[in-house]
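Below is target_25.cif, which holds mmCIF, C-alpha atoms and all ligand atoms.
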data_upload
loop_
_atom_site.label_atom_id
_atom_site.label_comp_id
_atom_site.auth_asym_id
_atom_site.auth_seq_id
_atom_site.Cartn_x
_atom_site.Cartn_y
_atom_site.Cartn_z
CA MET A 1 -21.68 23.11 -64.52
CA GLU A 2 -21.94 21.94 -68.08
CA THR A 3 -19.80 22.28 -71.21
CA ILE A 4 -21.31 22.20 -74.69
CA LYS A 5 -18.80 21.77 -77.51
CA TYR A 6 -19.58 22.29 -81.16
CA ILE A 7 -17.91 22.33 -84.53
CA ALA A 8 -19.08 24.71 -87.24
CA GLY A 9 -17.15 24.88 -90.50
CA ASP A 10 -13.45 24.85 -89.64
CA SER A 11 -13.94 26.11 -86.08
CA SER A 12 -14.68 24.49 -82.78
CA SER A 13 -15.97 26.26 -79.75
CA ARG A 14 -16.92 25.38 -76.19
CA ILE A 15 -19.62 26.96 -74.08
CA ILE A 16 -19.25 26.62 -70.35
CA ILE A 17 -22.47 27.12 -68.41
CA GLY A 18 -22.54 27.51 -64.65
CA GLU A 19 -18.84 28.06 -64.03
CA ASP A 20 -17.73 30.93 -61.79
CA TRP A 21 -16.74 33.57 -64.38
CA LYS A 22 -13.75 34.57 -62.22
CA LYS A 23 -12.06 31.32 -63.28
CA THR A 24 -11.82 32.70 -66.82
CA LYS A 25 -8.32 33.96 -66.01
CA ASP A 26 -7.23 30.29 -66.06
CA ARG A 27 -8.56 29.88 -69.62
CA ILE A 28 -6.42 32.60 -71.18
CA ASP A 29 -2.81 33.67 -71.37
CA THR A 30 -3.12 36.91 -69.41
CA GLU A 31 0.19 38.16 -70.86
CA LYS A 32 -1.29 38.12 -74.36
CA SER A 33 -4.91 39.07 -73.69
CA PHE A 34 -6.86 42.31 -73.90
CA ILE A 35 -10.30 42.80 -72.40
CA ILE A 36 -13.09 44.70 -74.13
CA THR A 37 -16.01 45.61 -71.92
CA ASP A 38 -18.50 48.38 -71.21
CA THR A 39 -18.39 50.85 -68.34
CA ASN A 40 -21.39 49.27 -66.55
CA ILE A 41 -19.74 45.88 -66.44
CA LYS A 42 -16.37 47.31 -65.50
CA LYS A 43 -17.95 49.15 -62.57
CA ILE A 44 -19.71 46.06 -61.22
CA TYR A 45 -17.19 43.32 -62.05
CA GLY A 46 -13.95 45.12 -62.99
CA ALA A 47 -12.21 44.41 -59.68
CA ASP A 48 -12.31 40.69 -60.46
CA PHE A 49 -11.31 40.88 -64.14
CA PRO A 50 -8.32 38.79 -65.22
CA PRO A 51 -5.14 40.87 -64.94
CA CYS A 52 -4.98 42.19 -68.53
CA PRO A 53 -5.27 45.61 -70.16
CA VAL A 54 -8.91 46.71 -70.33
CA ILE A 55 -10.59 48.85 -72.97
CA SER A 56 -14.06 49.95 -71.91
CA ILE A 57 -16.66 51.72 -74.00
CA SER A 58 -19.97 53.32 -73.05
CA PRO A 59 -22.82 50.81 -72.87
CA GLY A 60 -25.58 50.60 -75.43
CA GLU A 61 -26.51 49.90 -79.01
CA ASP A 62 -25.41 53.34 -80.24
CA LEU A 63 -21.79 52.37 -79.70
CA LYS A 64 -22.19 49.25 -81.85
CA SER A 65 -20.78 51.06 -84.86
CA MET A 66 -17.92 51.14 -87.32
CA ALA A 67 -16.60 54.21 -85.49
CA THR A 68 -16.22 52.11 -82.32
CA VAL A 69 -14.52 49.34 -84.28
CA GLU A 70 -11.99 51.85 -85.59
CA LYS A 71 -11.36 53.29 -82.12
CA LEU A 72 -10.87 49.83 -80.61
CA ILE A 73 -8.42 48.91 -83.35
CA GLU A 74 -6.48 52.11 -82.69
CA HIS A 75 -6.38 51.26 -78.96
CA LEU A 76 -5.19 47.72 -79.64
CA LEU A 77 -2.47 48.99 -81.94
CA SER A 78 -1.29 51.55 -79.42
CA MET A 79 -1.17 48.89 -76.70
CA GLY A 80 0.92 46.62 -78.90
CA ALA A 81 -1.61 43.88 -79.66
CA ASP A 82 -0.26 41.56 -82.34
CA ARG A 83 -1.27 38.43 -84.24
CA SER A 84 -0.76 36.25 -81.17
CA SER A 85 -2.98 38.42 -78.96
CA PHE A 86 -6.31 37.25 -77.57
CA LEU A 87 -9.41 39.40 -77.16
CA LEU A 88 -11.73 38.68 -74.26
CA GLY A 89 -15.13 40.36 -74.49
CA ILE A 90 -16.79 40.68 -71.08
CA GLY A 91 -20.32 41.94 -71.51
CA GLY A 92 -23.71 41.55 -73.11
CA GLY A 93 -24.62 41.14 -76.77
CA VAL A 94 -23.23 44.50 -77.81
CA ILE A 95 -19.78 43.80 -76.39
CA CYS A 96 -19.75 40.22 -77.75
CA ASP A 97 -20.82 41.34 -81.25
CA ILE A 98 -18.20 44.10 -81.36
CA THR A 99 -15.40 42.04 -79.81
CA GLY A 100 -15.98 39.16 -82.24
CA PHE A 101 -15.97 41.58 -85.16
CA VAL A 102 -12.84 43.46 -84.07
CA ALA A 103 -11.02 40.18 -83.38
CA SER A 104 -12.04 38.91 -86.82
CA VAL A 105 -10.60 41.88 -88.69
CA TYR A 106 -7.66 42.93 -86.49
CA MET A 107 -4.54 41.85 -88.37
CA ARG A 108 -6.88 39.69 -90.48
CA GLY A 109 -8.08 37.79 -87.43
CA ILE A 110 -6.94 36.98 -83.89
CA ALA A 111 -8.39 34.54 -81.34
CA PHE A 112 -11.17 35.62 -79.02
CA GLY A 113 -13.55 34.47 -76.29
CA PHE A 114 -16.43 35.81 -74.24
CA VAL A 115 -17.64 36.08 -70.69
CA SER A 116 -21.28 36.53 -71.61
CA THR A 117 -22.94 38.65 -68.96
CA SER A 118 -26.55 39.32 -70.01
CA LEU A 119 -29.24 36.67 -70.36
CA LEU A 120 -29.76 37.68 -73.97
CA SER A 121 -26.13 37.15 -74.80
CA GLN A 122 -25.91 33.90 -72.81
CA VAL A 123 -28.77 32.25 -74.67
CA ASP A 124 -28.30 33.96 -78.00
CA ALA A 125 -25.88 36.74 -78.94
CA SER A 126 -22.64 35.10 -77.80
CA ILE A 127 -23.58 31.70 -79.27
CA GLY A 128 -23.24 30.78 -82.92
CA GLY A 129 -20.43 32.85 -84.35
CA LYS A 130 -22.26 35.87 -85.72
CA ASN A 131 -20.39 39.11 -85.11
CA GLY A 132 -21.05 42.58 -86.37
CA VAL A 133 -22.08 46.19 -85.98
CA ASN A 134 -24.86 48.50 -87.14
CA VAL A 135 -24.52 51.06 -89.93
CA ASP A 136 -26.93 53.94 -90.32
CA ARG A 137 -29.33 52.35 -87.79
CA VAL A 138 -29.54 49.14 -89.84
CA LYS A 139 -28.82 46.39 -87.35
CA ASN A 140 -25.88 44.05 -87.79
CA ILE A 141 -25.53 45.01 -91.44
CA ALA A 142 -21.71 44.80 -91.35
CA GLY A 143 -20.45 41.56 -89.88
CA CYS A 144 -18.95 38.12 -90.27
CA PHE A 145 -19.22 34.53 -89.12
CA ASN A 146 -16.38 33.56 -86.78
CA HIS A 147 -16.55 31.49 -83.61
CA PRO A 148 -15.08 32.34 -80.20
CA SER A 149 -12.73 29.78 -78.65
CA PHE A 150 -14.97 29.73 -75.59
CA VAL A 151 -18.01 31.37 -74.06
CA VAL A 152 -18.46 31.45 -70.28
CA CYS A 153 -22.07 31.81 -69.09
CA ASP A 154 -22.31 32.31 -65.34
CA PRO A 155 -25.99 32.69 -64.31
CA SER A 156 -24.99 34.48 -61.08
CA MET A 157 -24.07 37.49 -63.25
CA LEU A 158 -27.76 37.80 -64.17
CA ASN A 159 -28.53 39.00 -60.63
CA THR A 160 -27.20 42.47 -61.46
CA LEU A 161 -29.16 42.91 -64.72
CA THR A 162 -32.03 45.39 -64.80
CA GLU A 163 -35.49 43.83 -64.97
CA GLU A 164 -35.93 45.04 -68.55
CA GLU A 165 -32.65 43.49 -69.71
CA TYR A 166 -33.48 40.23 -67.94
CA LEU A 167 -36.90 40.11 -69.63
CA SER A 168 -35.27 40.79 -72.96
CA GLY A 169 -33.17 37.63 -72.58
CA LEU A 170 -36.20 35.58 -71.59
CA GLY A 171 -37.75 36.46 -74.96
CA GLU A 172 -34.94 34.67 -76.82
CA LEU A 173 -34.97 31.72 -74.41
CA ILE A 174 -38.70 31.20 -75.03
CA LYS A 175 -38.08 31.53 -78.77
CA HIS A 176 -35.84 28.45 -78.72
CA ALA A 177 -38.55 26.47 -76.95
CA LEU A 178 -41.30 27.62 -79.35
CA ILE A 179 -39.38 26.71 -82.51
CA LYS A 180 -37.74 23.48 -81.39
CA ASP A 181 -38.55 22.07 -77.99
CA ILE A 182 -41.96 21.60 -76.44
CA ASP A 183 -40.32 20.04 -73.35
CA LEU A 184 -38.30 23.20 -72.73
CA LEU A 185 -41.53 25.18 -72.99
CA GLY A 186 -43.01 22.87 -70.33
CA SER A 187 -39.99 23.47 -68.05
CA ILE A 188 -40.43 27.23 -68.49
CA GLU A 189 -44.14 26.93 -67.61
CA ASP A 190 -43.34 24.82 -64.54
CA ASN A 191 -40.77 27.31 -63.28
CA LEU A 192 -42.32 30.72 -63.93
CA GLU A 193 -41.82 31.91 -60.35
CA ALA A 194 -38.23 30.63 -60.11
CA ILE A 195 -37.48 32.30 -63.44
CA LYS A 196 -38.92 35.59 -62.21
CA ARG A 197 -36.73 35.50 -59.11
CA ARG A 198 -33.70 34.53 -61.24
CA ASP A 199 -33.06 31.27 -59.39
CA ASN A 200 -29.51 30.55 -60.53
CA LEU A 201 -29.81 26.75 -60.58
CA ILE A 202 -33.07 26.71 -62.54
CA MET A 203 -31.68 29.34 -64.90
CA GLU A 204 -28.50 27.31 -65.42
CA LYS A 205 -30.58 24.35 -66.62
CA LEU A 206 -32.83 26.46 -68.86
CA ILE A 207 -29.89 28.37 -70.34
CA ALA A 208 -28.07 25.09 -71.08
CA GLU A 209 -31.17 23.65 -72.83
CA SER A 210 -31.66 26.82 -74.80
CA ILE A 211 -28.00 26.89 -75.90
CA ARG A 212 -28.20 23.22 -76.89
CA ILE A 213 -31.04 24.09 -79.26
CA LYS A 214 -29.16 26.99 -80.83
CA VAL A 215 -26.01 24.91 -81.18
CA SER A 216 -27.86 22.02 -82.86
CA VAL A 217 -29.33 24.47 -85.38
CA ILE A 218 -26.09 26.30 -86.19
CA SER A 219 -24.07 23.09 -86.40
CA GLN A 220 -26.32 22.04 -89.30
CA ASP A 221 -26.34 25.42 -91.01
CA GLU A 222 -23.57 27.74 -89.89
CA LYS A 223 -24.05 30.41 -92.57
CA GLU A 224 -27.85 30.70 -92.49
CA LYS A 225 -28.74 29.10 -95.79
CA GLY A 226 -31.61 27.04 -94.39
CA GLU A 227 -32.26 25.64 -90.88
CA ARG A 228 -30.58 28.60 -89.12
CA ARG A 229 -33.31 30.88 -90.47
CA LEU A 230 -35.56 29.25 -87.86
CA LEU A 231 -33.73 31.32 -85.23
CA ASN A 232 -35.26 34.41 -86.80
CA PHE A 233 -38.68 33.47 -85.41
CA GLY A 234 -40.31 36.71 -84.30
CA HIS A 235 -37.39 38.77 -85.64
CA THR A 236 -38.75 40.20 -88.92
CA ILE A 237 -41.52 41.99 -87.07
CA GLY A 238 -39.49 42.19 -83.83
CA HIS A 239 -36.58 44.08 -85.41
CA ALA A 240 -39.03 46.53 -86.96
CA ILE A 241 -40.71 47.05 -83.56
CA GLU A 242 -37.32 47.45 -81.86
CA SER A 243 -36.12 50.02 -84.42
CA SER A 244 -39.30 52.04 -84.37
CA THR A 245 -40.20 51.96 -80.67
CA GLY A 246 -36.90 51.52 -78.83
CA LEU A 247 -38.32 48.52 -76.90
CA LYS A 248 -35.58 46.09 -75.87
CA HIS A 249 -34.55 43.44 -78.40
CA GLY A 250 -36.01 40.33 -76.72
CA ILE A 251 -39.19 42.15 -75.74
CA SER A 252 -39.65 43.31 -79.34
CA VAL A 253 -38.99 39.74 -80.48
CA ALA A 254 -41.64 38.51 -78.01
CA HIS A 255 -44.17 40.80 -79.71
CA GLY A 256 -42.90 39.58 -83.09
CA MET A 257 -43.34 35.95 -81.98
CA ASN A 258 -46.83 36.66 -80.71
CA LEU A 259 -47.81 38.18 -84.06
CA ALA A 260 -46.11 35.37 -86.01
CA ALA A 261 -48.02 32.85 -83.86
CA GLU A 262 -51.28 34.69 -84.63
CA ILE A 263 -50.46 34.55 -88.34
CA SER A 264 -49.65 30.81 -88.03
CA HIS A 265 -53.03 30.30 -86.33
CA GLU A 266 -54.89 32.28 -89.00
CA GLU A 267 -53.29 30.04 -91.62
CA GLY A 268 -54.39 26.89 -89.80
CA MET A 269 -50.91 25.83 -88.64
CA LEU A 270 -51.37 26.44 -84.91
CA ASP A 271 -54.50 25.66 -82.95
CA LYS A 272 -56.26 28.01 -80.56
CA GLY A 273 -54.98 26.24 -77.42
CA GLU A 274 -51.39 26.42 -78.63
CA ILE A 275 -51.48 30.11 -79.44
CA GLN A 276 -53.05 30.76 -76.03
CA ARG A 277 -50.33 28.69 -74.36
CA SER A 278 -47.51 30.67 -75.95
CA ARG A 279 -49.26 33.97 -75.23
CA ASP A 280 -49.87 32.97 -71.57
CA ILE A 281 -46.16 32.33 -71.04
CA LEU A 282 -45.13 35.61 -72.67
CA LEU A 283 -47.76 37.52 -70.69
CA GLY A 284 -46.99 35.62 -67.47
CA LEU A 285 -43.38 36.74 -67.63
CA GLY A 286 -44.28 40.32 -68.54
CA LEU A 287 -42.99 40.09 -72.10
CA LEU A 288 -45.87 41.72 -73.92
CA PRO A 289 -45.94 45.29 -72.61
CA GLU A 290 -48.12 47.70 -74.58
CA PHE A 291 -46.43 49.92 -77.13
CA THR A 292 -47.52 52.56 -79.58
CA ILE A 293 -46.33 52.85 -83.12
CA LEU A 294 -47.30 55.03 -86.07
CA LYS A 295 -49.22 53.14 -88.74
CA GLY A 296 -46.88 52.21 -91.58
CA LYS A 297 -43.68 52.44 -89.50
CA LEU A 298 -43.22 48.67 -89.32
CA ALA A 299 -43.44 48.47 -93.12
CA GLU A 300 -40.65 51.02 -93.46
CA TYR A 301 -38.29 48.91 -91.37
CA ILE A 302 -39.36 45.58 -92.85
CA TYR A 303 -38.36 46.94 -96.27
CA LYS A 304 -34.85 47.51 -94.93
CA ASP A 305 -34.62 43.98 -93.47
CA LYS A 306 -31.41 42.41 -94.72
CA LYS A 307 -33.03 38.96 -94.64
CA LYS A 308 -35.28 40.05 -97.48
CA GLU A 309 -34.31 38.60 -100.86
CA GLY A 310 -35.85 40.77 -103.53
CA ASP A 311 -39.57 41.01 -102.83
CA VAL A 312 -39.63 37.86 -100.74
CA LEU A 313 -38.99 37.29 -97.04
CA PHE A 314 -38.14 34.13 -95.15
CA PHE A 315 -40.73 34.24 -92.41
CA VAL A 316 -40.85 31.73 -89.56
CA LYS A 317 -44.23 30.31 -88.56
CA LEU A 318 -45.18 27.61 -86.09
CA GLU A 319 -46.66 24.32 -87.24
CA GLY A 320 -47.49 23.40 -83.67
CA ILE A 321 -45.48 24.37 -80.60
CA GLY A 322 -41.86 23.26 -80.80
CA ASN A 323 -42.05 23.01 -84.58
CA GLY A 324 -40.96 26.18 -86.36
CA LYS A 325 -41.13 26.25 -90.16
CA VAL A 326 -39.39 28.69 -92.48
CA LYS A 327 -41.78 29.90 -95.20
CA LYS A 328 -41.12 32.24 -98.10
CA ILE A 329 -43.67 35.00 -98.23
CA PRO A 330 -43.90 38.05 -100.47
CA VAL A 331 -43.11 41.20 -98.48
CA GLU A 332 -46.34 42.77 -99.73
CA SER A 333 -48.41 39.91 -98.24
CA LEU A 334 -46.82 40.37 -94.82
CA LEU A 335 -47.35 44.12 -94.96
CA ARG A 336 -51.01 43.59 -95.89
CA ILE A 337 -51.49 41.22 -92.94
CA LEU A 338 -49.88 43.75 -90.59
CA ALA A 339 -51.96 46.59 -92.02
CA ASP A 340 -55.12 44.51 -91.41
CA LYS A 341 -53.98 44.17 -87.80
CA GLY A 342 -53.71 47.94 -87.52
CA TYR A 343 -49.92 48.35 -87.96
N1 LIG B 1 -24.64 37.82 -82.73
C1 LIG B 1 -25.84 37.31 -82.56
O1 LIG B 1 -26.13 36.17 -82.99
C2 LIG B 1 -26.87 38.10 -81.84
C3 LIG B 1 -28.09 37.51 -81.46
C4 LIG B 1 -28.99 38.26 -80.73
C5 LIG B 1 -28.71 39.58 -80.39
N2 LIG B 1 -27.53 40.13 -80.79
C6 LIG B 1 -27.20 41.50 -80.44
O2 LIG B 1 -27.07 41.60 -79.03
C7 LIG B 1 -27.30 42.94 -78.65
C8 LIG B 1 -28.19 42.98 -77.44
O3 LIG B 1 -27.53 42.31 -76.39
P1 LIG B 1 -27.84 42.71 -74.88
O4 LIG B 1 -29.29 42.74 -74.68
O5 LIG B 1 -27.01 41.85 -74.01
O6 LIG B 1 -27.37 44.23 -74.85
P2 LIG B 1 -26.14 45.00 -74.15
O7 LIG B 1 -24.87 44.33 -74.41
O8 LIG B 1 -26.30 46.41 -74.55
O9 LIG B 1 -26.46 44.84 -72.61
C9 LIG B 1 -27.60 45.46 -72.12
C10 LIG B 1 -27.28 46.35 -70.92
O10 LIG B 1 -27.09 45.51 -69.82
C11 LIG B 1 -25.83 45.80 -69.19
N3 LIG B 1 -25.37 44.52 -68.66
C12 LIG B 1 -24.96 43.43 -69.33
N4 LIG B 1 -24.71 42.45 -68.48
C13 LIG B 1 -24.93 42.92 -67.24
C14 LIG B 1 -24.85 42.37 -65.94
N5 LIG B 1 -24.50 41.09 -65.72
N6 LIG B 1 -25.15 43.17 -64.89
C15 LIG B 1 -25.53 44.46 -65.07
N7 LIG B 1 -25.66 45.03 -66.28
C16 LIG B 1 -25.35 44.27 -67.35
C17 LIG B 1 -24.98 46.40 -70.27
O11 LIG B 1 -23.99 47.23 -69.73
C18 LIG B 1 -26.02 47.18 -71.07
O12 LIG B 1 -26.26 48.43 -70.46
C19 LIG B 1 -27.92 43.64 -79.84
O13 LIG B 1 -26.97 44.49 -80.42
C20 LIG B 1 -28.26 42.49 -80.79
O14 LIG B 1 -28.20 42.87 -82.14
C21 LIG B 1 -26.62 39.41 -81.50
#

For the structure just supplied, provide its representation as structure tokens.
Amino acid sequence: METIKYIAGDSSSRIIIGEDWKKTKDRIDTEKSFIITDTNIKKIYGADFPPCPVISISPGEDLKSMATVEKLIEHLLSMGADRSSFLLGIGGGVICDITGFVASVYMRGIAFGFVSTSLLSQVDASIGGKNGVNVDRVKNIAGCFNHPSFVVCDPSMLNTLTEEEYLSGLGELIKHALIKDIDLLGSIEDNLEAIKRRDNLIMEKLIAESIRIKVSVISQDEKEKGERRLLNFGHTIGHAIESSTGLKHGISVAHGMNLAAEISHEEGMLDKGEIQRSRDILLGLGLLPEFTILKGKLAEYIYKDKKKEGDVLFFVKLEGIGNGKVKKIPVESLLRILADKGY
């Protein structure tokens, strides 16, 4: 078990990796807490939830909306939640993003924490204080920065994830290695089989390393004015693939990273061996499944990207493995490159 503490702005947060999630009841005042979860998680783990009122919503990205936020607030009001209440989100990235957002606006802000249940939320979504919901299919367009008091990441919960959801999380874990840590990439390469069989001890170590990278980035740049943009490696193209194909987030990001690595190679920043190495890992773990997309569709979504500033995008390239670089590129240039690649 390992605890990673961080301070960002005025907040401090602790991430506990490898602790039995059932001990979370000892971290909260159960008299003052409310649980937000989805029906999948409630079905599998509900019997062991801390003894608090539970609000469960249907699983999936469609529920990550303002309408859900409103409904949850109505529920909390009717159950008597007040300024001293605590919200515990138990779930994947969708539940963490919504819980953090609801807690941030309910009565102008109440305390919250997460039991992060999917690999994607353990290595990414629940870490770093970004909360929010989608509006009109534009992802995370309404949101805020606000940090949970704690995040519990218990790798044994990954055993019940579907293969697709597990793969999706691996995409974000590999991202952290590609942008910041060549040693983590080596550990992933050395443990491909253990990763595939979800070996809890190996995963605990890899998750902790991956979280350490994210925490070091967000501690330097909480509000994404500079260094934090590195975490968007693979996301400009990945989000567009996700929105237009319905592929899972981390799998779309894996395709986005692969294309961004190709672009880095074409611009002389990444050598042939390095691009092959990153592709081999993604392929080896099954993260580059084929997909079809109408020509021009990616462009449509990239135009909507909220990380675009005017006609310019912050696009992350690799200057060698483990060394991501944020570069400004005109949107038109990226669209031309993608069109030349047949997208
Ligand atoms: N806030 C951030 O910084 C950040 C970063 C990355 C992604 N995100 C967001 O995270 C979301 C994706 O997260 P996700 O992939 O966890 O999606 P999710 O929360 O929808 O979970 C995926 C599915 O897995 C199920 N599930 C979760 N944990 C399980 C478990 N242990 N056993 C069985 N089933 C389980 C859920 O019920 C759901 O059906 C997206 O909305 C994305 O925008 C946010």

Box dimensions and centre (Å, one decimal) enclosing ligand LIG 1 (chain B), axis-aligned, 6 Å extra per side, as JSON:
{"center_x": -26.6, "center_y": 42.3, "center_z": -73.9, "size_x": 17.3, "size_y": 24.3, "size_z": 30.1}

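Nearest to Ile241 (chain A) of all the residues A:Met269, A:Met157, A:Leu294, A:Ala81 is A:Leu294, based on only C-alpha atoms.
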
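With the cut-off set to 6 Å and all atoms listed in the file counted, the residues surrounding ligand LIG 1 (chain B) are Asp38, Asn40, Ile41, Pro59, Gly60, Glu61, Gly91, Gly92, Gly93, Val94, Ile95, Asp97, Thr117, Ser118, Leu120, Ser121, Asp124, Ala125, Ser126, Lys130, Asn131, Met157, Leu158, Thr160, Leu161 and Glu165 of chain A.
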
Original post:
Which of these, A:Gln220, A:Asn159, A:Ser244, A:Asn232, has the shortest distance to Arg197 (chain A) once you count all atoms listed in the file?
Top reply: A:Asn159

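The smallest atom-to-atom distance between Val138 (chain A) and any of A:Leu201, A:Ile188, A:Leu72, A:Ala240, using all atoms listed in the file, is found for A:Ala240.
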
**OP:** Would you mind listing what lies within 8 Å of Met257 (chain A) as number ranges by chain, with all atoms listed in the file counted and same-chain residues fewer than 5 positions away left out?
**Re:** A: 175, 233-235, 238

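Distances here use all atoms listed in the file; by that measure, the residue among A:Gly143, A:Gly129, A:Gly310, A:Gly89 closest to Glu222 (chain A) is A:Gly129.
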